[in-house]
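Below: one structure, written as structure tokens.
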2 protein chains.
Amino acid sequence: MSAHQPKARGSRAEAKPALLDISPLTDLLSFHMRMLVLAVNRAYDEAFAPTPLAGGTGKLTTLMLIAANPGMSQSDIGRVLSKDRPAMVRIIDHLEAEKLVLRKRHPEERRRYELVLTAQGRASVKRFMAIAQTYDETFFAPLSDREKTNLSRILRKLRLAYQSDTLGMGG
Amino acid sequence: MSAHQPKARGSRAEAKPALLDISPLTDLLSFHMRMLVLAVNRAYDEAFAPTPLAGGTGKLTTLMLIAANPGMSQSDIGRVLSKDRPAMVRIIDHLEAEKLVLRKRHPEERRRYELVLTAQGRASVKRFMAIAQTYDETFFAPLSDREKTNLSRILRKLRLAYQSDTLGMGG
DNA sequence: TATTGTTATACTCTATAACTATA
DNA sequence: TATAGTTATAGAGTATAACAATA
């Protein structure tokens with residue numbers, strides 16, 4: 001959070017091809033978070049490669065939202081996930097092609113769809129959520145329980161500060 | 001970290017267009033981190049829009065690395081930032097076009113470049129680092145000092161677990 | 001044979017505008 | 001006029017393969 005460490009030249013650190021000073025970067029919390037998300041996304045890609053939810057986390061999170069809140073519209077989901085309407089069209093197209101999600105016309109509000117899981121979607125989502133939980137727990141396994149609780153509380157506080165939107169409950 | 005909250009129907013929560021249950025997502029630390037990085041990237045775009053480092057953080061981080069470690073090669077930087085060689089070519093092309101960075105041929109190892117700042121680059125990098133620090137501090141301002149220290153320590157622990165590469169020191 | 005930088009290609013994600021149909 | 005969904009387009013990020021120059 002402050003003063004960069006000196007380059008430690010001359011010490012016993014002269015083994016490898018000259019160590020790099022990355023402290024200007026690691027002093028920034030935002031840099032830390034970005035690098036970690038890169039790694040966590042790689043872990044996601046590995047865990048979900050053999051599933052129809054490969055290639056970006058948007059398909060999984062959309063499916064989980066529909067499972068927990070049947071009847072959501074595409075725009076509703078976009079607001080939660082910070083995705084615009086064109087992005088949601090593509091995701092729902094994919095999930096529909098995979099026969100996991102169904103677009104039902106809203107009876108009164110005929111502009112929007114009510115998104116619901118198909119029977120296959122309901123059956124699959126349990127498996128997907130188990131994969132998600134395993135990959136998430138595995139990734140954060142290097143942390144102690146106390147650190148995980150702290151991290152969760154801190155991230156939640158930041159989320160509420162920047163996303164206090166219409167969202168809702170949970171977390 | 002566990003048990004989803006019930007939908008709390010019937011309580012005083014029936015005001016807005018029916019609250020959404022996002023707890024399946026917020027139970028995942030990885031989801032929290034991804035959403036926060038989305039927000040932090042938006043903050044970056046705003047802060048650096050009027051500079052030649054707009055459009056992605058790679059240009060700033062590359063510049064800061066060269067400033068702290070003159071003579072780095074493109075591949076060196078790519079290893080630190082988890083970017084492949086084609087990505088680094090594009091970034092250095094941009095920084096060179098902006099007259100911030102210079103490709104110098106390495107005298108002995110004539111395959112690689114020694115990347116150094118131009119006079120203009122050295123003058124600008126101080127300003128850019130000040131902008132970076134301000135935007136970073138502003139973004140994490142909702143946290144107490146203790147929380148920031150905790151977050152930094154936790155993120156560092158995870159980084160070391162997943163990126164124990166050849167990196168170096170600092171942080 | 002391996003490595004640095006380069007080019008080309010492709011696929012994803014993101015952002016914007018414009019169109020339709022509904023309200 | 002405003003909103004939900006759609007389409008088209010362009011930009012940035014990422015991943016791959018292949019190439020030239022060098023080691």
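Note on naming: chains are A, B, ... as they come in the structure tokens, residues start from 1 per chain, ligands start from 1 in the order shown.
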Which residues, written as a PDB file with N, CA, C and O atoms (P, O5', C5', C4', C3', O3' and C1' of nucleotides), in the first residue's frame, have at least one atom at most 10 Å from DG11 (chain D), with only C-alpha atoms (C1' of nucleotides) counted and residues fewer than 4 positions away on the same chain left out?
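Result file is selection-v5.pdb:
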ATOM      1  N   GLY B  55      -8.308   2.496 -23.082  1.00  0.00           N
ATOM      2  CA  GLY B  55      -8.618   1.243 -23.757  1.00  0.00           C
ATOM      3  C   GLY B  55      -7.819   0.079 -23.246  1.00  0.00           C
ATOM      4  O   GLY B  55      -6.918  -0.408 -23.929  1.00  0.00           O
TER       5      GLY B  55
ATOM      6  P    DT C  14     -18.124  -9.021 -21.580  1.00  0.00           P
ATOM      7  O5'  DT C  14     -18.064  -7.669 -22.401  1.00  0.00           O
ATOM      8  C5'  DT C  14     -16.807  -7.016 -22.578  1.00  0.00           C
ATOM      9  C4'  DT C  14     -16.993  -5.759 -23.388  1.00  0.00           C
ATOM     10  C3'  DT C  14     -18.223  -4.923 -23.007  1.00  0.00           C
ATOM     11  O3'  DT C  14     -17.787  -3.609 -22.687  1.00  0.00           O
ATOM     12  C1'  DT C  14     -18.100  -5.262 -25.355  1.00  0.00           C
ATOM     13  P    DA C  15     -18.858  -2.468 -22.315  1.00  0.00           P
ATOM     14  O5'  DA C  15     -19.163  -1.693 -23.658  1.00  0.00           O
ATOM     15  C5'  DA C  15     -18.090  -1.292 -24.498  1.00  0.00           C
ATOM     16  C4'  DA C  15     -18.641  -0.412 -25.606  1.00  0.00           C
ATOM     17  C3'  DA C  15     -19.901   0.353 -25.225  1.00  0.00           C
ATOM     18  O3'  DA C  15     -19.790   1.695 -25.682  1.00  0.00           O
ATOM     19  C1'  DA C  15     -20.310  -1.000 -27.128  1.00  0.00           C
TER      20       DA C  15
END
Contacts of DT16 (chain D) within 12 Å, only C-alpha atoms (C1' of nucleotides), excl. fewer than 5 positions in-chain, as a PDB file with N, CA, C and O atoms (P, O5', C5', C4', C3', O3' and C1' of nucleotides), in the first residue's frame:
ATOM      1  N   ASP B  84       0.309 -12.964 -24.131  1.00  0.00           N
ATOM      2  CA  ASP B  84       1.176 -13.674 -25.066  1.00  0.00           C
ATOM      3  C   ASP B  84       1.928 -12.687 -25.957  1.00  0.00           C
ATOM      4  O   ASP B  84       1.707 -11.484 -25.901  1.00  0.00           O
ATOM      5  N   ARG B  85       2.817 -13.215 -26.771  1.00  0.00           N
ATOM      6  CA  ARG B  85       3.682 -12.337 -27.565  1.00  0.00           C
ATOM      7  C   ARG B  85       2.910 -11.463 -28.551  1.00  0.00           C
ATOM      8  O   ARG B  85       3.186 -10.261 -28.630  1.00  0.00           O
ATOM      9  N   PRO B  86       1.958 -11.996 -29.289  1.00  0.00           N
ATOM     10  CA  PRO B  86       1.201 -11.104 -30.184  1.00  0.00           C
ATOM     11  C   PRO B  86       0.536  -9.947 -29.448  1.00  0.00           C
ATOM     12  O   PRO B  86       0.512  -8.823 -29.949  1.00  0.00           O
TER      13      PRO B  86
ATOM     14  P    DA C   8      -0.127  -9.427 -42.351  1.00  0.00           P
ATOM     15  O5'  DA C   8      -0.981 -10.735 -42.046  1.00  0.00           O
ATOM     16  C5'  DA C   8      -0.448 -12.008 -42.379  1.00  0.00           C
ATOM     17  C4'  DA C   8      -1.439 -13.090 -41.976  1.00  0.00           C
ATOM     18  C3'  DA C   8      -2.915 -12.677 -42.096  1.00  0.00           C
ATOM     19  O3'  DA C   8      -3.634 -13.708 -42.755  1.00  0.00           O
ATOM     20  C1'  DA C   8      -2.467 -13.491 -39.927  1.00  0.00           C
ATOM     21  P    DT C   9      -5.191 -13.498 -43.154  1.00  0.00           P
ATOM     22  O5'  DT C   9      -5.950 -14.390 -42.075  1.00  0.00           O
ATOM     23  C5'  DT C   9      -5.455 -15.693 -41.775  1.00  0.00           C
ATOM     24  C4'  DT C   9      -6.193 -16.242 -40.565  1.00  0.00           C
ATOM     25  C3'  DT C   9      -7.670 -15.839 -40.512  1.00  0.00           C
ATOM     26  O3'  DT C   9      -8.473 -17.008 -40.546  1.00  0.00           O
ATOM     27  C1'  DT C   9      -6.601 -15.536 -38.401  1.00  0.00           C
ATOM     28  P    DA C  10     -10.067 -16.930 -40.615  1.00  0.00           P
ATOM     29  O5'  DA C  10     -10.515 -17.270 -39.138  1.00  0.00           O
ATOM     30  C5'  DA C  10      -9.800 -18.252 -38.384  1.00  0.00           C
ATOM     31  C4'  DA C  10     -10.284 -18.221 -36.951  1.00  0.00           C
ATOM     32  C3'  DA C  10     -11.761 -17.842 -36.804  1.00  0.00           C
ATOM     33  O3'  DA C  10     -12.368 -18.691 -35.855  1.00  0.00           O
ATOM     34  C1'  DA C  10     -10.434 -16.410 -35.502  1.00  0.00           C
ATOM     35  P    DC C  11     -13.939 -18.892 -35.836  1.00  0.00           P
ATOM     36  O5'  DC C  11     -14.268 -19.255 -34.321  1.00  0.00           O
ATOM     37  C5'  DC C  11     -13.213 -19.433 -33.390  1.00  0.00           C
ATOM     38  C4'  DC C  11     -13.421 -18.573 -32.154  1.00  0.00           C
ATOM     39  C3'  DC C  11     -14.870 -18.113 -31.930  1.00  0.00           C
ATOM     40  O3'  DC C  11     -15.276 -18.505 -30.625  1.00  0.00           O
ATOM     41  C1'  DC C  11     -13.368 -16.316 -31.670  1.00  0.00           C
TER      42       DC C  11
END
Closest pair table for chain D residues within 10 Å of chain B, only C-alpha atoms (C1' of nucleotides), as a Markdown table:
| residue | atom | partner | partner_atom | distance |
| --- | --- | --- | --- | --- |
| D:DG11 | C1' | B:Gly55 | CA | 9.7 |
| D:DA12 | C1' | B:Gly55 | CA | 7.5 |
| D:DG13 | C1' | B:Ala87 | CA | 8.5 |
| D:DT14 | C1' | B:Ala87 | CA | 8.2 |
| D:DA15 | C1' | B:Asp84 | CA | 8.7 |
| D:DA21 | C1' | B:Arg111 | CA | 7.0 |
| D:DT22 | C1' | B:Arg111 | CA | 5.5 |
| D:DA23 | C1' | B:Glu109 | CA | 8.0 |
Nearby residues (only C-alpha atoms (C1' of nucleotides)) at most 10 Å from Leu53 (chain B), same-chain spacing under 2 positions excluded, as a list in words =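 The neighbour list is Tyr44, Asp45, Ala47, Phe48, Ala49, Pro50, Thr51, Gly55, Gly56, Thr57, Gly58, Lys59, Leu60, Thr61, Leu63, Ile91, His94, Leu95, Glu98 and Phe128 of chain B.
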Could the residues of chain B within 8 Å of chain A, counting only C-alpha atoms, be given as a PyMOL selection string, please?
-> chain B and resi 1+4-5+19-30+32-37+39-40+61+64-65+68-69+81+133+136+140+142-143+147+149-152+154-159+161-162+167-171
With N, CA and C atoms retained, could you export that selection as a compact mmCIF listing (two decimals), in the first residue's frame?
# COMPACT_ATOMS: atom_id res chain seq x y z
N MET B 1 -21.08 -17.70 2.39
CA MET B 1 -20.30 -18.86 1.99
C MET B 1 -21.13 -20.13 1.98
N HIS B 4 -28.29 -20.61 1.09
CA HIS B 4 -28.99 -19.48 0.46
C HIS B 4 -30.08 -18.97 1.38
N GLN B 5 -30.25 -17.67 1.37
CA GLN B 5 -31.34 -17.12 2.16
C GLN B 5 -32.67 -17.45 1.48
N LEU B 19 -38.19 -8.57 -5.74
CA LEU B 19 -36.75 -8.66 -5.61
C LEU B 19 -36.23 -9.98 -6.15
N LEU B 20 -35.01 -9.92 -6.63
CA LEU B 20 -34.40 -11.11 -7.20
C LEU B 20 -33.52 -11.79 -6.18
N ASP B 21 -33.47 -13.08 -6.28
CA ASP B 21 -32.58 -13.86 -5.42
C ASP B 21 -31.28 -14.11 -6.17
N ILE B 22 -30.24 -13.37 -5.79
CA ILE B 22 -28.95 -13.56 -6.44
C ILE B 22 -27.98 -14.30 -5.54
N SER B 23 -28.49 -14.91 -4.48
CA SER B 23 -27.59 -15.57 -3.54
C SER B 23 -26.83 -16.75 -4.15
N PRO B 24 -27.43 -17.48 -5.12
CA PRO B 24 -26.61 -18.56 -5.72
C PRO B 24 -25.32 -18.01 -6.33
N LEU B 25 -25.36 -16.76 -6.81
CA LEU B 25 -24.16 -16.17 -7.38
C LEU B 25 -23.24 -15.61 -6.31
N THR B 26 -23.83 -14.89 -5.35
CA THR B 26 -22.98 -14.22 -4.37
C THR B 26 -22.36 -15.21 -3.40
N ASP B 27 -22.82 -16.46 -3.41
CA ASP B 27 -22.14 -17.48 -2.61
C ASP B 27 -20.79 -17.83 -3.20
N LEU B 28 -20.57 -17.48 -4.47
CA LEU B 28 -19.31 -17.80 -5.13
C LEU B 28 -18.35 -16.60 -5.02
N LEU B 29 -17.24 -16.80 -4.37
CA LEU B 29 -16.25 -15.72 -4.26
C LEU B 29 -15.80 -15.27 -5.65
N SER B 30 -15.68 -16.23 -6.57
CA SER B 30 -15.21 -15.88 -7.91
C SER B 30 -16.17 -14.92 -8.60
N HIS B 32 -18.11 -12.66 -7.11
CA HIS B 32 -17.86 -11.38 -6.49
C HIS B 32 -16.66 -10.68 -7.12
N MET B 33 -15.58 -11.42 -7.27
CA MET B 33 -14.35 -10.82 -7.78
C MET B 33 -14.55 -10.36 -9.22
N ARG B 34 -15.23 -11.18 -10.02
CA ARG B 34 -15.45 -10.80 -11.42
C ARG B 34 -16.26 -9.51 -11.53
N MET B 35 -17.32 -9.42 -10.74
CA MET B 35 -18.15 -8.21 -10.80
C MET B 35 -17.37 -6.98 -10.35
N LEU B 36 -16.54 -7.16 -9.33
CA LEU B 36 -15.75 -6.03 -8.85
C LEU B 36 -14.74 -5.59 -9.90
N VAL B 37 -14.15 -6.55 -10.59
CA VAL B 37 -13.17 -6.19 -11.61
C VAL B 37 -13.85 -5.48 -12.77
N ALA B 39 -16.28 -3.42 -12.42
CA ALA B 39 -16.43 -2.05 -11.94
C ALA B 39 -15.10 -1.32 -11.91
N VAL B 40 -14.06 -2.03 -11.50
CA VAL B 40 -12.75 -1.39 -11.40
C VAL B 40 -12.22 -1.06 -12.80
N THR B 61 0.15 -0.80 -17.40
CA THR B 61 0.98 -1.74 -16.65
C THR B 61 2.30 -2.00 -17.37
N MET B 64 4.52 1.01 -16.73
CA MET B 64 5.03 1.03 -15.37
C MET B 64 6.14 -0.01 -15.20
N LEU B 65 6.00 -1.15 -15.85
CA LEU B 65 7.04 -2.18 -15.74
C LEU B 65 8.33 -1.72 -16.39
N ALA B 68 10.13 0.80 -14.22
CA ALA B 68 10.80 0.23 -13.05
C ALA B 68 11.93 -0.71 -13.43
N ASN B 69 11.89 -1.22 -14.66
CA ASN B 69 12.88 -2.22 -15.09
C ASN B 69 13.32 -1.94 -16.52
N LEU B 81 2.53 -10.08 -17.03
CA LEU B 81 1.14 -9.64 -17.17
C LEU B 81 0.23 -10.73 -17.72
N GLN B 133 -2.84 5.81 -9.06
CA GLN B 133 -2.95 5.73 -7.60
C GLN B 133 -4.25 6.38 -7.12
N ASP B 136 -7.21 4.17 -8.00
CA ASP B 136 -7.21 2.98 -7.18
C ASP B 136 -7.69 3.30 -5.76
N PHE B 140 -11.29 2.02 -3.83
CA PHE B 140 -11.33 1.22 -2.60
C PHE B 140 -11.58 2.06 -1.36
N PRO B 142 -14.34 2.98 -0.03
CA PRO B 142 -15.38 2.48 0.89
C PRO B 142 -14.84 1.56 1.97
N LEU B 143 -13.62 1.05 1.81
CA LEU B 143 -13.07 0.13 2.82
C LEU B 143 -12.30 0.89 3.88
N GLU B 147 -9.46 -3.07 6.48
CA GLU B 147 -9.99 -3.93 5.41
C GLU B 147 -9.09 -3.91 4.18
N THR B 149 -5.87 -3.41 4.17
CA THR B 149 -4.70 -4.22 4.49
C THR B 149 -5.02 -5.70 4.39
N ASN B 150 -6.16 -6.08 4.94
CA ASN B 150 -6.58 -7.48 4.86
C ASN B 150 -6.72 -7.92 3.41
N LEU B 151 -7.41 -7.11 2.62
CA LEU B 151 -7.63 -7.46 1.22
C LEU B 151 -6.30 -7.62 0.50
N SER B 152 -5.39 -6.69 0.73
CA SER B 152 -4.09 -6.75 0.07
C SER B 152 -3.36 -8.04 0.44
N ILE B 154 -4.63 -10.86 1.51
CA ILE B 154 -5.32 -12.04 0.97
C ILE B 154 -5.05 -12.18 -0.53
N LEU B 155 -5.13 -11.08 -1.24
CA LEU B 155 -4.90 -11.15 -2.69
C LEU B 155 -3.46 -11.55 -2.98
N ARG B 156 -2.54 -11.04 -2.16
CA ARG B 156 -1.13 -11.40 -2.36
C ARG B 156 -0.93 -12.89 -2.15
N LYS B 157 -1.57 -13.42 -1.12
CA LYS B 157 -1.44 -14.85 -0.84
C LYS B 157 -1.94 -15.68 -2.04
N LEU B 158 -3.05 -15.27 -2.59
CA LEU B 158 -3.59 -16.00 -3.74
C LEU B 158 -2.69 -15.86 -4.96
N ARG B 159 -2.18 -14.65 -5.16
CA ARG B 159 -1.30 -14.44 -6.31
C ARG B 159 -0.08 -15.35 -6.21
N ALA B 161 0.11 -18.11 -4.76
CA ALA B 161 -0.29 -19.51 -4.95
C ALA B 161 -0.44 -19.85 -6.43
N TYR B 162 -0.87 -18.87 -7.23
CA TYR B 162 -1.20 -19.18 -8.63
C TYR B 162 -0.23 -18.60 -9.61
N LEU B 167 8.39 -14.54 -11.38
CA LEU B 167 8.13 -13.12 -11.27
C LEU B 167 9.21 -12.30 -10.62
N GLY B 168 9.19 -12.22 -9.31
CA GLY B 168 10.20 -11.36 -8.72
C GLY B 168 9.82 -10.92 -7.35
N MET B 169 9.98 -9.66 -7.08
CA MET B 169 9.83 -9.17 -5.73
C MET B 169 8.73 -8.12 -5.71
N GLY B 170 8.70 -7.38 -4.63
CA GLY B 170 7.71 -6.31 -4.54
C GLY B 170 6.38 -6.88 -4.13
N GLY B 171 5.48 -5.99 -3.71
CA GLY B 171 4.15 -6.40 -3.30
C GLY B 171 4.23 -7.11 -1.99
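Pairwise distance (CA of Gln120 (chain B), CA of Lys104 (chain B)) equals 16.0 Å.
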Could I get the residues of chain C with an atom no further than 9 Å from an atom of chain A, each paired with its nearest atom pair and that distance in Å to one decimal, using only C-alpha atoms (C1' of nucleotides), sorted by chain and residue number, as a tab-separated table?
residue	atom	partner	partner_atom	distance
C:DT12	C1'	A:Gly55	CA	7.7
C:DC13	C1'	A:Ala87	CA	8.4
C:DT14	C1'	A:Ala87	CA	8.3
C:DA15	C1'	A:Asp84	CA	8.7
C:DA21	C1'	A:Arg111	CA	7.1
C:DT22	C1'	A:Arg111	CA	5.4
C:DA23	C1'	A:Glu109	CA	8.1
Dump of N, CA and C atoms (P, O5', C5', C4', C3', O3' and C1' of nucleotides) for the selected residues, as a CSV table (one decimal), in the first residue's frame:
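As a result, selection36.csv now contains:
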chain,number,residue,atom,x,y,z
C,12,DT,P,-16.8,-18.4,-30.2
C,12,DT,O5',-16.7,-17.3,-28.9
C,12,DT,C5',-15.6,-17.5,-28.0
C,12,DT,C4',-15.4,-16.2,-27.2
C,12,DT,C3',-16.7,-15.5,-26.7
C,12,DT,O3',-16.7,-15.6,-25.3
C,12,DT,C1',-15.2,-14.0,-27.7
C,13,DC,P,-18.0,-15.0,-24.5
C,13,DC,O5',-17.6,-13.4,-24.3
C,13,DC,C5',-16.2,-13.1,-24.0
C,13,DC,C4',-16.1,-11.6,-23.8
C,13,DC,C3',-17.4,-10.9,-23.3
C,13,DC,O3',-17.0,-10.0,-22.3
C,13,DC,C1',-16.7,-9.9,-25.3
C,14,DT,P,-18.1,-9.0,-21.6
C,14,DT,O5',-18.1,-7.7,-22.4
C,14,DT,C5',-16.8,-7.0,-22.6
C,14,DT,C4',-17.0,-5.8,-23.4
C,14,DT,C3',-18.2,-4.9,-23.0
C,14,DT,O3',-17.8,-3.6,-22.7
C,14,DT,C1',-18.1,-5.3,-25.4
C,15,DA,P,-18.9,-2.5,-22.3
C,15,DA,O5',-19.2,-1.7,-23.7
C,15,DA,C5',-18.1,-1.3,-24.5
C,15,DA,C4',-18.6,-0.4,-25.6
C,15,DA,C3',-19.9,0.4,-25.2
C,15,DA,O3',-19.8,1.7,-25.7
C,15,DA,C1',-20.3,-1.0,-27.1
C,21,DA,P,-42.3,-6.2,-37.0
C,21,DA,O5',-42.9,-5.9,-35.5
C,21,DA,C5',-43.1,-7.0,-34.7
C,21,DA,C4',-43.5,-6.5,-33.3
C,21,DA,C3',-44.8,-5.7,-33.3
C,21,DA,O3',-46.0,-6.5,-33.0
C,21,DA,C1',-43.2,-4.7,-31.8
C,22,DT,P,-46.1,-7.2,-31.7
C,22,DT,O5',-46.7,-6.3,-30.6
C,22,DT,C5',-46.6,-6.7,-29.3
C,22,DT,C4',-46.1,-5.6,-28.4
C,22,DT,C3',-47.1,-4.9,-27.6
C,22,DT,O3',-47.3,-5.5,-26.4
C,22,DT,C1',-45.3,-3.5,-28.2
C,23,DA,P,-48.6,-5.2,-25.6
C,23,DA,O5',-48.3,-3.8,-24.9
C,23,DA,C5',-47.3,-3.7,-23.9
C,23,DA,C4',-47.0,-2.3,-23.5
C,23,DA,C3',-48.3,-1.5,-23.1
C,23,DA,O3',-48.3,-1.5,-21.7
C,23,DA,C1',-46.8,-0.2,-24.5
Among region 74-135 of chain A, which ones does DSSP place in helix (DSSP H, G or I), written as a VMD selection string?
-> chain A and resid 74 to 81 85 to 97 119 to 135
Counting only C-alpha atoms, the residue of B:Gly78, B:Pro52, B:Glu96, B:Glu46 that sits nearest Arg127 (chain B) | B:Pro52
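Reported to one decimal place, the separation of CA of Arg103 (chain A) from C1' of DT16 (chain C) is 25.6 Å.
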As a check of understanding: the span from C1' of DA2 (chain D) to CA of Glu108 (chain A) is 17.3 Å
